Amino acid sequence: MKMKKAAGVAADILMYAIMLVQMLYAFTGNTLHELLGIAFFVCLAVHIFIKRGWLKSLLKAGRQSGGRRFFQAVTVLLFVCILALMVSSMGVSRMIFPWFPYCGSADLHRLLATAVLTLAVIHGGMYGYLRTQHKKRAALLIALAAAASAAFGTALVPYLNRHFKMVSIDYAAAVQGEKIEVEKKPLVVYFTRLGNTDFTPDADAVSGASLLLADGKRMGNTQLLADMAADAISCDVQAITLTGERYPSGYGDTVSAAGRELRENARPEIEPVSVSDYDEIILIYPIWWGTVPMPVASFLEQNDWQGKQLRLIATQGSSGFVSSTGDIRKLADGAEVTELVSIYCDDIPAARQQITDCLKQIYNGGQT
Ligand SMILES: Cc1cc2nc3c(=O)[nH]c(=O)nc-3n(C[C@H](O)[C@H](O)[C@H](O)COP(=O)(O)O)c2cc1C
């Protein structure tokens, strides 16, 4: 009996610890994330097995106190979210379940993981709530812990990812993939922090945050996406490069500088990038303050867009295209502007297939 109880407590502690570590996916990397994912579901099976009698009594119909009914609802919702998380874990898996074709959205996976962590905190807290005399204090603690868990998943994790990580990749493996035949080549234009920032050669992971280390060389996220697109359709690629003052090497300082530029509606000076020889331009840019970086605005305003197709690929730390598409429409007067895909920064090293898929939609009508 004692052994059973100890195993139950160990499985519970392990599950909470695994959930927290799993949220820090960007730091642990894919292999550990997938292995810990399996460990989580094993602990869950142990938890359900050990608590099966208690769970059965909890889920029994009949007259229940308000607290027990709430616990019931949370437990059922938690179970449903865990099942959905299990399916989405297989969907996003690259190592253990690469063949599983459903629910491959990383955004959905992150959302479900946050929901599971938050509900698990309430579920665990309710276990104590039903046993304590101090109901009000317990309810307050549970509400605070649940709010902290939700904030951890939705705000703190994206913040940490953006500010404190530098990811090493194998460049060739990330960039090379399926080729698409394109009759009239577009031009790929991208803007990235790298090359437009005063990095010292030994910039650490903090100042280099949101950058990649491709075969030991620093690389911007959008730069990698541009190389993927160029590999898929064999087209020209041009970078937007500042000619004047560059951004500071600290991530936070760059964020402040970019915010100032946005408020002042600045147009930083850039090397000319002409689109006159192309009917179609694929513009790849990071979201800065919910829109395009101001050097991208300079590029857009310096060109004549009449009759041109402008396709957009954005990268971001949480926020889709935000207002960048509307702003680009205003800046590139005359262009037909379409959104292709907005890719979360963590997903960029593995985004080659996503890039292929959206380019196929344009150039092959989705046919392979
Ligand atoms: C100045 C600045 C502002 C940013 N603002 C946002 C933002 O508003 N929303 C968001 O989701 N990500 C934001 N990010 C994160 C970047 O979009 C993301 O890290 C992107 O992948 C960086 O691409 P890069 O390495 O090619 O520059 C910002 C990054 C910087 C440097």
# chains A, B, ... in the order shown; residues from 1 in each chain; ligands from 1
$ residues_near_ligand --ligand "ligand 1" --cutoff "8 Å" --atoms "only C-alpha atoms and all ligand atoms" --output "ChimeraX atom specification"
/A:162,191-194,209-212,219-224,251-252,254-259,285-291,293,314-320,322,343-346,348
$ write_last_selection --atoms "C-alpha atoms" --output "CSV table (one decimal), in the first residue's frame"
chain,number,residue,atom,x,y,z
A,162,ARG,CA,12.7,35.2,-28.1
A,191,PHE,CA,15.1,41.4,-44.1
A,192,THR,CA,16.8,39.9,-41.0
A,193,ARG,CA,18.4,41.4,-37.9
A,194,LEU,CA,21.7,39.7,-38.8
A,209,ALA,CA,18.7,35.7,-29.2
A,210,SER,CA,16.4,34.7,-32.0
A,211,LEU,CA,19.3,33.9,-34.2
A,212,LEU,CA,20.4,30.5,-35.6
A,219,MET,CA,22.2,33.3,-39.3
A,220,GLY,CA,18.9,35.2,-39.2
A,221,ASN,CA,15.6,33.4,-39.2
A,222,THR,CA,14.3,35.0,-42.3
A,223,GLN,CA,17.6,34.5,-44.1
A,224,LEU,CA,17.2,30.7,-43.5
A,251,TYR,CA,18.1,42.1,-28.3
A,252,GLY,CA,16.3,44.4,-25.8
A,254,THR,CA,17.1,46.5,-30.8
A,255,VAL,CA,13.5,46.1,-29.6
A,256,SER,CA,13.6,49.7,-28.1
A,257,ALA,CA,15.3,51.1,-31.2
A,258,ALA,CA,12.8,49.5,-33.5
A,259,GLY,CA,9.9,50.8,-31.3
A,285,TYR,CA,10.3,39.5,-43.0
A,286,PRO,CA,10.2,39.3,-39.2
A,287,ILE,CA,7.3,40.8,-37.3
A,288,TRP,CA,8.6,43.8,-35.3
A,289,TRP,CA,6.1,45.5,-33.0
A,290,GLY,CA,3.2,43.9,-34.8
A,291,THR,CA,4.2,45.1,-38.3
A,293,PRO,CA,10.6,46.5,-39.6
A,314,ALA,CA,6.5,36.4,-42.0
A,315,THR,CA,8.3,35.0,-39.0
A,316,GLN,CA,7.3,35.9,-35.5
A,317,GLY,CA,7.6,35.1,-31.8
A,318,SER,CA,3.8,34.5,-31.3
A,319,SER,CA,1.7,36.7,-33.5
A,320,GLY,CA,0.8,35.7,-37.1
A,322,VAL,CA,-0.6,41.0,-37.2
A,343,ILE,CA,6.0,30.9,-39.2
A,344,TYR,CA,6.7,30.8,-35.4
A,345,CYS,CA,10.5,31.4,-34.9
A,346,ASP,CA,11.0,28.1,-33.1
A,348,ILE,CA,11.9,27.8,-38.7
$ residues_around --residues "stretch 241-245 of chain A" --least-positions-apart "5" --cutoff "9 Å" --atoms "only C-alpha atoms" --output "PDB file with all heavy atoms, in the first residue's frame"
ATOM      1  N   PHE A 191      14.431  40.532 -45.034  1.00  0.00           N
ATOM      2  CA  PHE A 191      15.120  41.381 -44.058  1.00  0.00           C
ATOM      3  C   PHE A 191      15.325  40.566 -42.805  1.00  0.00           C
ATOM      4  O   PHE A 191      14.411  39.860 -42.358  1.00  0.00           O
ATOM      5  CB  PHE A 191      14.295  42.633 -43.717  1.00  0.00           C
ATOM      6  CG  PHE A 191      14.931  43.436 -42.612  1.00  0.00           C
ATOM      7  CD1 PHE A 191      15.985  44.302 -42.890  1.00  0.00           C
ATOM      8  CD2 PHE A 191      14.512  43.294 -41.296  1.00  0.00           C
ATOM      9  CE1 PHE A 191      16.604  45.015 -41.869  1.00  0.00           C
ATOM     10  CE2 PHE A 191      15.135  44.011 -40.274  1.00  0.00           C
ATOM     11  CZ  PHE A 191      16.174  44.873 -40.560  1.00  0.00           C
ATOM     12  N   THR A 192      16.514  40.640 -42.226  1.00  0.00           N
ATOM     13  CA  THR A 192      16.774  39.944 -40.970  1.00  0.00           C
ATOM     14  C   THR A 192      17.643  40.840 -40.094  1.00  0.00           C
ATOM     15  O   THR A 192      18.285  41.774 -40.585  1.00  0.00           O
ATOM     16  CB  THR A 192      17.450  38.582 -41.223  1.00  0.00           C
ATOM     17  OG1 THR A 192      17.614  37.923 -39.980  1.00  0.00           O
ATOM     18  CG2 THR A 192      18.821  38.737 -41.881  1.00  0.00           C
ATOM     19  N   GLY A 195      23.356  41.094 -39.943  1.00  0.00           N
ATOM     20  CA  GLY A 195      23.822  41.872 -41.089  1.00  0.00           C
ATOM     21  C   GLY A 195      23.368  43.316 -40.956  1.00  0.00           C
ATOM     22  O   GLY A 195      23.866  44.198 -41.635  1.00  0.00           O
ATOM     23  N   ASN A 196      22.390  43.540 -40.090  1.00  0.00           N
ATOM     24  CA  ASN A 196      21.910  44.899 -39.847  1.00  0.00           C
ATOM     25  C   ASN A 196      22.087  45.267 -38.382  1.00  0.00           C
ATOM     26  O   ASN A 196      21.419  46.163 -37.874  1.00  0.00           O
ATOM     27  CB  ASN A 196      20.433  44.997 -40.246  1.00  0.00           C
ATOM     28  CG  ASN A 196      20.276  44.816 -41.736  1.00  0.00           C
ATOM     29  OD1 ASN A 196      20.851  45.571 -42.509  1.00  0.00           O
ATOM     30  ND2 ASN A 196      19.539  43.801 -42.149  1.00  0.00           N
ATOM     31  N   THR A 197      22.958  44.518 -37.708  1.00  0.00           N
ATOM     32  CA  THR A 197      23.151  44.681 -36.267  1.00  0.00           C
ATOM     33  C   THR A 197      24.640  44.696 -35.961  1.00  0.00           C
ATOM     34  O   THR A 197      25.406  43.971 -36.598  1.00  0.00           O
ATOM     35  CB  THR A 197      22.488  43.478 -35.534  1.00  0.00           C
ATOM     36  OG1 THR A 197      21.127  43.444 -35.919  1.00  0.00           O
ATOM     37  CG2 THR A 197      22.593  43.603 -34.044  1.00  0.00           C
ATOM     38  N   PRO A 268      14.643  54.080 -42.505  1.00  0.00           N
ATOM     39  CA  PRO A 268      16.101  53.927 -42.471  1.00  0.00           C
ATOM     40  C   PRO A 268      16.674  53.770 -43.879  1.00  0.00           C
ATOM     41  O   PRO A 268      16.003  53.208 -44.761  1.00  0.00           O
ATOM     42  CB  PRO A 268      16.287  52.633 -41.670  1.00  0.00           C
ATOM     43  CG  PRO A 268      14.993  52.390 -40.994  1.00  0.00           C
ATOM     44  CD  PRO A 268      13.922  53.033 -41.804  1.00  0.00           C
ATOM     45  N   GLU A 269      17.887  54.266 -44.051  1.00  0.00           N
ATOM     46  CA  GLU A 269      18.502  54.170 -45.392  1.00  0.00           C
ATOM     47  C   GLU A 269      18.975  52.748 -45.651  1.00  0.00           C
ATOM     48  O   GLU A 269      19.588  52.123 -44.782  1.00  0.00           O
ATOM     49  CB  GLU A 269      19.682  55.129 -45.483  1.00  0.00           C
ATOM     50  CG  GLU A 269      19.208  56.541 -45.726  1.00  0.00           C
ATOM     51  CD  GLU A 269      20.365  57.498 -45.915  1.00  0.00           C
ATOM     52  OE1 GLU A 269      21.454  57.066 -46.322  1.00  0.00           O
ATOM     53  OE2 GLU A 269      20.139  58.693 -45.628  1.00  0.00           O
ATOM     54  N   ILE A 270      18.684  52.274 -46.861  1.00  0.00           N
ATOM     55  CA  ILE A 270      19.064  50.891 -47.214  1.00  0.00           C
ATOM     56  C   ILE A 270      19.749  50.869 -48.580  1.00  0.00           C
ATOM     57  O   ILE A 270      19.593  51.812 -49.366  1.00  0.00           O
ATOM     58  CB  ILE A 270      17.822  49.971 -47.268  1.00  0.00           C
ATOM     59  CG1 ILE A 270      16.796  50.504 -48.287  1.00  0.00           C
ATOM     60  CG2 ILE A 270      17.191  49.814 -45.904  1.00  0.00           C
ATOM     61  CD1 ILE A 270      15.729  49.485 -48.650  1.00  0.00           C
ATOM     62  N   GLU A 271      20.455  49.786 -48.843  1.00  0.00           N
ATOM     63  CA  GLU A 271      21.003  49.585 -50.188  1.00  0.00           C
ATOM     64  C   GLU A 271      19.821  49.391 -51.128  1.00  0.00           C
ATOM     65  O   GLU A 271      18.893  48.652 -50.780  1.00  0.00           O
ATOM     66  CB  GLU A 271      21.827  48.287 -50.222  1.00  0.00           C
ATOM     67  CG  GLU A 271      22.934  48.275 -49.231  1.00  0.00           C
ATOM     68  CD  GLU A 271      24.268  47.993 -49.879  1.00  0.00           C
ATOM     69  OE1 GLU A 271      24.310  47.930 -51.102  1.00  0.00           O
ATOM     70  OE2 GLU A 271      25.242  47.873 -49.128  1.00  0.00           O
ATOM     71  N   PRO A 272      19.859  50.000 -52.327  1.00  0.00           N
ATOM     72  CA  PRO A 272      18.709  49.838 -53.227  1.00  0.00           C
ATOM     73  C   PRO A 272      18.497  48.368 -53.617  1.00  0.00           C
ATOM     74  O   PRO A 272      19.460  47.667 -53.920  1.00  0.00           O
ATOM     75  CB  PRO A 272      19.087  50.654 -54.465  1.00  0.00           C
ATOM     76  CG  PRO A 272      20.313  51.415 -54.101  1.00  0.00           C
ATOM     77  CD  PRO A 272      20.922  50.820 -52.885  1.00  0.00           C
ATOM     78  N   PRO A 295      13.045  49.185 -42.075  1.00  0.00           N
ATOM     79  CA  PRO A 295      13.822  49.049 -43.316  1.00  0.00           C
ATOM     80  C   PRO A 295      13.015  48.366 -44.431  1.00  0.00           C
ATOM     81  O   PRO A 295      13.245  48.628 -45.614  1.00  0.00           O
ATOM     82  CB  PRO A 295      15.020  48.186 -42.895  1.00  0.00           C
ATOM     83  CG  PRO A 295      15.161  48.453 -41.423  1.00  0.00           C
ATOM     84  CD  PRO A 295      13.759  48.615 -40.918  1.00  0.00           C
TER      85      PRO A 295
END
$ residues_around --residues "stretch 51-57 of chain A" --least-positions-apart "4" --cutoff "12 Å" --atoms "only C-alpha atoms" --output "list in words"
Lys4, Lys5, Ala7, Gly8, Val9, Ala11, Asp12, Leu44, Ala45, Val46, His47, Ala61, Gly62, Arg63, Gln64, Arg68, Arg69, Phe71, Gln72, Thr75, Val76, Phe79, His123 and Tyr127 of chain A
$ closest_residue --among "A:Pro98, A:Gly66, A:Gly153, A:Pro186" --to "A:Leu111" --atoms "only C-alpha atoms"
A:Gly153
$ residues_around --residues "stretch 273-278 of chain A" --least-positions-apart "5" --cutoff "7 Å" --atoms "only C-alpha atoms" --output "list in words"
Pro186, Leu187, Phe299 and Asn303 of chain A
$ residues_around --residues "A:Val237" --least-positions-apart "4" --cutoff "10 Å" --atoms "only C-alpha atoms" --output "PyMOL selection string"
chain A and resi 186-190+223+226-227+229-230+281-283
$ atom_distance --atom1 "atom CA of A:Gly125" --atom2 "atom CA of A:Leu85"
21.2 Å
$ atom_distance --atom1 "atom CA of A:Phe40" --atom2 "atom CA of A:Met15"
5.7 Å
$ closest_residue --among "A:Val296, A:Ile18, A:Leu130, A:Met228" --to "A:Gln176" --atoms "only C-alpha atoms"
A:Met228
